[in-house]
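Working notes, beginning with the structure itself.
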Amino acid sequence: MSCTSSSTSESSADQGGAYPERMTTSSEIAQALLRAAREGPALAACTVMAASPGVDVALGAKLLVYADHEIGEIGGGPLQARVTQFARDAIPNHLVQTCVFTPQGDLIEGRRAIESADAVVEVLVEVVEPAATLLVVGGGHVGLAVGQLGAMLGMDVAIIDDREDYANPERFPYAADVICGDFDEELQRFPISANTYIVLVSRGHKVDELALRAVAERGAGYVGMIGSQRRTRTVLQHLAEDGVDRESLDRVFTPIGLDIGAETPEEIAVSVLGEIILVRRGGGAQPMSEHGRSLAAASR
Amino acid sequence: MPHDEVYEAMSSAFETGAPVALATVAQTLGSTPRKTGAKMLVREDGSFVGTIGGGCGEAEVWQEAMDALDDGSARMVTVDLTEPVDGEDKICGGVMRIFVERLQA
């Protein structure tokens, strides 16, 4: 698709005031958004939501930024160039945020900075991508609960186990994909991207080790492995000795999950998915009430 | 969260040449039912797809969307959920700024 502006001319008939408002967008934009949400690749959609009087940019103007090209336009010039750069960097972070820029394209942060700026443009930057994939390795009790919770969170769930009793559609009716087969072979074949979240909760450390070896270096958004501190360290050591990339191993979340005292498979699932949300959204992993307390302490 | 339902409804409307109004949460302050980026698409007949947070303020935004379909103007709507209406406390208690725009193929 070429980098075309999307039907700006059609909106001109409706423009009355000092600030041109765009009342139209092209079907091309809608189709690109739909495709990004359905199949990918991910894009960052930028929409002008507000602009100071006199700033020459259309409300509702849209720019879709892919990893390597763009569609649409938000006024061109330095503003568009800087928004494009910002949006492109936002793609791996799944960002959805309204950002404030000067008309020259400088990102401004903080209420005071915004108030002191002569003129601003508010741009919603939202990464549009297919539902995240949750790949659960091991269909046992924990895998079952993790899969269920993942589906509840809107993730596309895939389950892999080599035992048919633990990998069948009856056990995982909500799963997008239930794979029964050799772990190594199936994992090698499974597509993995930054939007894939992998949970290793198989029946034993032998299998977890083999599975981790198959996925560690493939750029998943998250890899977590269940097990005690001691056991998981041994697994990581084995893989490091075998030449698996050290940085990739350092990124593995193991032991898996947030420290919330989880005991049952369901509680462990909450702990694991909590960690995945944390990685995806970037929270502080503290009770919300602690924020209030630290704010109170800071103001004293 | 992908908004494929909203985008699909948008594409379908455009295929028939019909305009739609799209309401998108631009900013939230305090406790709000949905976060930035949440979407509701409103068709000319008043039917809609997606949600910007049910109950709390959604009726107000729907009305703005219908108005935008009428007059074609994009607008920013501020929905204040901090004040009780009908003597009942709202569950939420934050403020949302919602961008409403009319879109046509």
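Please note that chains go A, B, ... in the order of the structure tokens, that every chain numbers its residues from 1, and that ligands are numbered from 1 in the order shown.
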Exercise. So which bits of chain B end up strand (DSSP E) when you DSSP the backbone, as a ChimeraX atom specification?
Worked result: /B:20-30,39-43,48-50,75-80,94-103
Any chance you can output those residues with N, CA and C atoms as a short mmCIF file (atom, residue, chain, number, x, y, z; two decimals), in the first residue's frame?
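Output file result_29.cif follows:
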```
data_model
loop_
_atom_site.label_atom_id
_atom_site.label_comp_id
_atom_site.auth_asym_id
_atom_site.auth_seq_id
_atom_site.Cartn_x
_atom_site.Cartn_y
_atom_site.Cartn_z
N VAL B 20 -20.23 6.60 10.19
CA VAL B 20 -20.34 6.12 11.57
C VAL B 20 -19.75 7.20 12.48
N ALA B 21 -20.09 7.13 13.74
CA ALA B 21 -19.42 7.99 14.71
C ALA B 21 -18.60 7.07 15.61
N LEU B 22 -17.36 7.50 15.84
CA LEU B 22 -16.47 6.71 16.68
C LEU B 22 -16.14 7.52 17.93
N ALA B 23 -16.43 6.92 19.09
CA ALA B 23 -16.07 7.55 20.36
C ALA B 23 -14.90 6.78 20.94
N THR B 24 -13.82 7.49 21.27
CA THR B 24 -12.61 6.86 21.81
C THR B 24 -12.20 7.56 23.09
N VAL B 25 -11.96 6.79 24.12
CA VAL B 25 -11.50 7.39 25.38
C VAL B 25 -10.10 7.94 25.17
N ALA B 26 -9.96 9.26 25.33
CA ALA B 26 -8.68 9.92 25.10
C ALA B 26 -7.85 9.99 26.37
N GLN B 27 -8.54 10.11 27.49
CA GLN B 27 -7.82 10.34 28.74
C GLN B 27 -8.74 10.00 29.90
N THR B 28 -8.18 9.45 30.94
CA THR B 28 -8.98 9.18 32.14
C THR B 28 -8.25 9.73 33.35
N LEU B 29 -9.03 10.18 34.31
CA LEU B 29 -8.48 10.64 35.59
C LEU B 29 -9.25 9.94 36.68
N GLY B 30 -8.55 9.40 37.63
CA GLY B 30 -9.22 8.72 38.72
C GLY B 30 -9.78 7.38 38.28
N LYS B 39 -13.32 1.98 22.90
CA LYS B 39 -14.06 2.52 21.76
C LYS B 39 -15.51 2.09 21.71
N MET B 40 -16.33 3.00 21.20
CA MET B 40 -17.72 2.68 20.89
C MET B 40 -18.02 3.28 19.53
N LEU B 41 -18.55 2.45 18.65
CA LEU B 41 -18.90 2.92 17.32
C LEU B 41 -20.43 3.00 17.23
N VAL B 42 -20.93 4.14 16.78
CA VAL B 42 -22.38 4.35 16.70
C VAL B 42 -22.80 4.53 15.24
N ARG B 43 -23.82 3.76 14.85
CA ARG B 43 -24.33 3.87 13.48
C ARG B 43 -25.46 4.89 13.42
N PHE B 48 -25.07 0.38 18.24
CA PHE B 48 -23.65 0.59 18.50
C PHE B 48 -22.91 -0.71 18.77
N VAL B 49 -21.60 -0.62 18.65
CA VAL B 49 -20.69 -1.75 18.87
C VAL B 49 -19.58 -1.27 19.79
N GLY B 50 -19.21 -2.11 20.74
CA GLY B 50 -18.13 -1.75 21.66
C GLY B 50 -18.67 -0.93 22.82
N ARG B 75 -15.47 16.28 18.19
CA ARG B 75 -15.56 16.99 19.47
C ARG B 75 -14.94 16.18 20.60
N MET B 76 -14.53 16.87 21.63
CA MET B 76 -14.04 16.22 22.84
C MET B 76 -15.11 16.37 23.90
N VAL B 77 -15.54 15.25 24.45
CA VAL B 77 -16.60 15.26 25.46
C VAL B 77 -15.99 14.89 26.81
N THR B 78 -16.27 15.66 27.80
CA THR B 78 -15.79 15.32 29.14
C THR B 78 -16.93 14.72 29.94
N VAL B 79 -16.72 13.51 30.41
CA VAL B 79 -17.74 12.85 31.22
C VAL B 79 -17.24 12.80 32.65
N ASP B 80 -17.99 13.46 33.52
CA ASP B 80 -17.61 13.52 34.93
C ASP B 80 -18.40 12.48 35.70
N GLY B 94 -14.45 8.91 38.45
CA GLY B 94 -13.34 9.56 37.78
C GLY B 94 -13.88 10.48 36.70
N VAL B 95 -12.95 10.98 35.89
CA VAL B 95 -13.33 11.84 34.78
C VAL B 95 -12.74 11.24 33.50
N MET B 96 -13.55 11.19 32.44
CA MET B 96 -13.05 10.69 31.17
C MET B 96 -13.19 11.78 30.12
N ARG B 97 -12.17 11.91 29.28
CA ARG B 97 -12.30 12.75 28.09
C ARG B 97 -12.42 11.82 26.91
N ILE B 98 -13.46 12.04 26.14
CA ILE B 98 -13.76 11.12 25.05
C ILE B 98 -13.84 11.89 23.73
N PHE B 99 -13.06 11.41 22.77
CA PHE B 99 -13.03 12.04 21.45
C PHE B 99 -14.11 11.41 20.57
N VAL B 100 -14.97 12.23 20.02
CA VAL B 100 -16.06 11.73 19.19
C VAL B 100 -15.89 12.31 17.78
N GLU B 101 -15.85 11.43 16.79
CA GLU B 101 -15.64 11.89 15.41
C GLU B 101 -16.57 11.15 14.46
N ARG B 102 -16.93 11.84 13.41
CA ARG B 102 -17.74 11.23 12.36
C ARG B 102 -16.79 10.75 11.28
N LEU B 103 -16.98 9.51 10.85
CA LEU B 103 -16.09 8.93 9.85
C LEU B 103 -16.92 8.42 8.69
#
```
(Q) At a cut-off of 6 Å, using only C-alpha atoms, what residues contact segment 73-77 of chain A? Leave out same-chain residues fewer than 6 positions from it and give the result as a PyMOL selection string. (A) chain A and resi 5+57+61-63
Practice prompt. Using only C-alpha atoms, pick whichever of B:Ile52, B:Ala74, B:Met66, B:Ala38 has the shortest atom-to-atom distance to chain A.
Written response: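 That would be B:Ala74, the residue with the smallest distance to chain A.
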- Task: Mind checking which residues fall within 12 Å of segment 146-154 of chain A, counting only C-alpha atoms, ignoring those fewer than 3 positions away in the same chain, and posting them as a VMD selection string?
- Result: (chain A and resid 130 to 143 157 to 160 167 171 to 178 197 to 202 224 226 256 to 257 264 to 277) or (chain B and resid 1 to 3)
Keeping only C-alpha atoms, write the selected residues to a file as a PDB file, in the first residue's frame.
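Just written: out32.pdb:
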```
ATOM      1  CA  PRO A 130      -4.003  -9.258  17.253  1.00  0.00           C
ATOM      2  CA  ALA A 131      -4.871 -10.729  20.638  1.00  0.00           C
ATOM      3  CA  ALA A 132      -1.769 -11.922  22.440  1.00  0.00           C
ATOM      4  CA  THR A 133      -1.044 -15.631  22.236  1.00  0.00           C
ATOM      5  CA  LEU A 134      -0.676 -17.551  25.485  1.00  0.00           C
ATOM      6  CA  LEU A 135       1.293 -20.712  24.817  1.00  0.00           C
ATOM      7  CA  VAL A 136       0.907 -23.126  27.708  1.00  0.00           C
ATOM      8  CA  VAL A 137       3.404 -25.962  27.739  1.00  0.00           C
ATOM      9  CA  GLY A 138       1.883 -28.733  29.836  1.00  0.00           C
ATOM     10  CA  GLY A 139      -1.819 -29.492  30.190  1.00  0.00           C
ATOM     11  CA  GLY A 140      -1.844 -30.530  33.852  1.00  0.00           C
ATOM     12  CA  HIS A 141      -3.675 -28.836  36.733  1.00  0.00           C
ATOM     13  CA  VAL A 142      -1.691 -25.634  36.528  1.00  0.00           C
ATOM     14  CA  GLY A 143      -1.779 -25.553  32.721  1.00  0.00           C
ATOM     15  CA  VAL A 157      -4.668 -19.820  24.157  1.00  0.00           C
ATOM     16  CA  ALA A 158      -2.589 -22.693  22.790  1.00  0.00           C
ATOM     17  CA  ILE A 159      -1.863 -25.813  24.842  1.00  0.00           C
ATOM     18  CA  ILE A 160       0.866 -28.330  24.153  1.00  0.00           C
ATOM     19  CA  ALA A 167      -4.146 -32.198  25.463  1.00  0.00           C
ATOM     20  CA  ARG A 171     -10.218 -30.471  28.422  1.00  0.00           C
ATOM     21  CA  PHE A 172      -9.568 -27.082  26.810  1.00  0.00           C
ATOM     22  CA  PRO A 173     -12.798 -26.101  25.056  1.00  0.00           C
ATOM     23  CA  TYR A 174     -11.855 -22.398  24.958  1.00  0.00           C
ATOM     24  CA  ALA A 175      -8.379 -22.937  23.487  1.00  0.00           C
ATOM     25  CA  ALA A 176      -7.643 -21.671  20.006  1.00  0.00           C
ATOM     26  CA  ASP A 177      -5.176 -24.504  19.546  1.00  0.00           C
ATOM     27  CA  VAL A 178      -4.727 -27.814  21.392  1.00  0.00           C
ATOM     28  CA  TYR A 197       3.556 -15.292  26.056  1.00  0.00           C
ATOM     29  CA  ILE A 198       4.938 -18.686  26.999  1.00  0.00           C
ATOM     30  CA  VAL A 199       4.243 -20.500  30.249  1.00  0.00           C
ATOM     31  CA  LEU A 200       6.254 -23.638  30.974  1.00  0.00           C
ATOM     32  CA  VAL A 201       4.283 -25.756  33.430  1.00  0.00           C
ATOM     33  CA  SER A 202       4.861 -29.272  32.196  1.00  0.00           C
ATOM     34  CA  GLY A 224       8.078 -18.102  32.442  1.00  0.00           C
ATOM     35  CA  ILE A 226       7.566 -23.029  37.037  1.00  0.00           C
ATOM     36  CA  ILE A 256       7.307 -18.103  37.671  1.00  0.00           C
ATOM     37  CA  GLY A 257       4.683 -15.629  38.884  1.00  0.00           C
ATOM     38  CA  THR A 264      -3.679 -23.839  44.449  1.00  0.00           C
ATOM     39  CA  PRO A 265      -3.399 -24.227  40.654  1.00  0.00           C
ATOM     40  CA  GLU A 266      -5.975 -21.458  40.251  1.00  0.00           C
ATOM     41  CA  GLU A 267      -4.092 -19.122  42.551  1.00  0.00           C
ATOM     42  CA  ILE A 268      -0.868 -19.936  40.710  1.00  0.00           C
ATOM     43  CA  ALA A 269      -2.660 -19.050  37.478  1.00  0.00           C
ATOM     44  CA  VAL A 270      -3.571 -15.637  38.931  1.00  0.00           C
ATOM     45  CA  SER A 271       0.040 -15.155  39.995  1.00  0.00           C
ATOM     46  CA  VAL A 272       1.341 -16.121  36.525  1.00  0.00           C
ATOM     47  CA  LEU A 273      -1.159 -14.065  34.557  1.00  0.00           C
ATOM     48  CA  GLY A 274      -0.561 -11.187  36.973  1.00  0.00           C
ATOM     49  CA  GLU A 275       3.096 -11.338  36.012  1.00  0.00           C
ATOM     50  CA  ILE A 276       2.209 -11.424  32.328  1.00  0.00           C
ATOM     51  CA  ILE A 277      -0.024  -8.355  32.684  1.00  0.00           C
TER      52      ILE A 277
ATOM     53  CA  MET B   1      -7.265  -5.340  23.728  1.00  0.00           C
ATOM     54  CA  PRO B   2      -7.948  -5.555  20.023  1.00  0.00           C
ATOM     55  CA  HIS B   3     -10.961  -3.661  18.795  1.00  0.00           C
TER      56      HIS B   3
END
```
- Can you tell me how far atom CA of Leu278 of chain A sits from atom CA of Thr84 of chain A, in Å to one decimal?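 Interatomic distance here is 26.2 Å.
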Atom CA of Leu107 of chain A sits from atom CA of Val120 of chain A at a separation of 9.5 Å
Alpha helix (DSSP H) call set, DSSP backbone run, segment 55-177 of chain A, as JSON, numbers by chain
{"A": [77, 78, 79, 80, 81, 82, 83, 84, 85, 86, 87, 88, 89, 90, 111, 112, 113, 114, 115, 116, 141, 142, 143, 144, 145, 146, 147, 148, 149, 150, 151, 152]}
Report task. Record the distance separating atom CA of Asp162 of chain A and atom CA of Asp184 of chain A, expressed in Å with one decimal. Result ->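 Calculated distance between atom CA of Asp162 of chain A and atom CA of Asp184 of chain A is 10.0 Å.
If you count only C-alpha atoms and ignore residues fewer than 4 places along the chain from Ala220 of chain A, what sits within 6 Å of it is A:Ile192, A:Ser193, A:Ala194, A:Thr196.
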Could you turn the residues from that selection into a file that holds C-alpha atoms, as a PDB file, in the first residue's frame?
```pdb
ATOM      1  CA  ILE A 192       6.517 -17.153  18.228  1.00  0.00           C
ATOM      2  CA  SER A 193       6.588 -13.358  18.211  1.00  0.00           C
ATOM      3  CA  ALA A 194       6.885 -10.487  20.687  1.00  0.00           C
ATOM      4  CA  THR A 196       3.539 -14.554  22.335  1.00  0.00           C
TER       5      THR A 196
END
```
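The smallest atom-to-atom distance between chain B and any of A:Ala117, A:Met288, A:Val83, A:Val215, using only C-alpha atoms, is found for A:Met288.
Nearest to chain B of all the residues A:Val207, A:Val128, A:Leu144, A:Cys99 is A:Val128, based on only C-alpha atoms.
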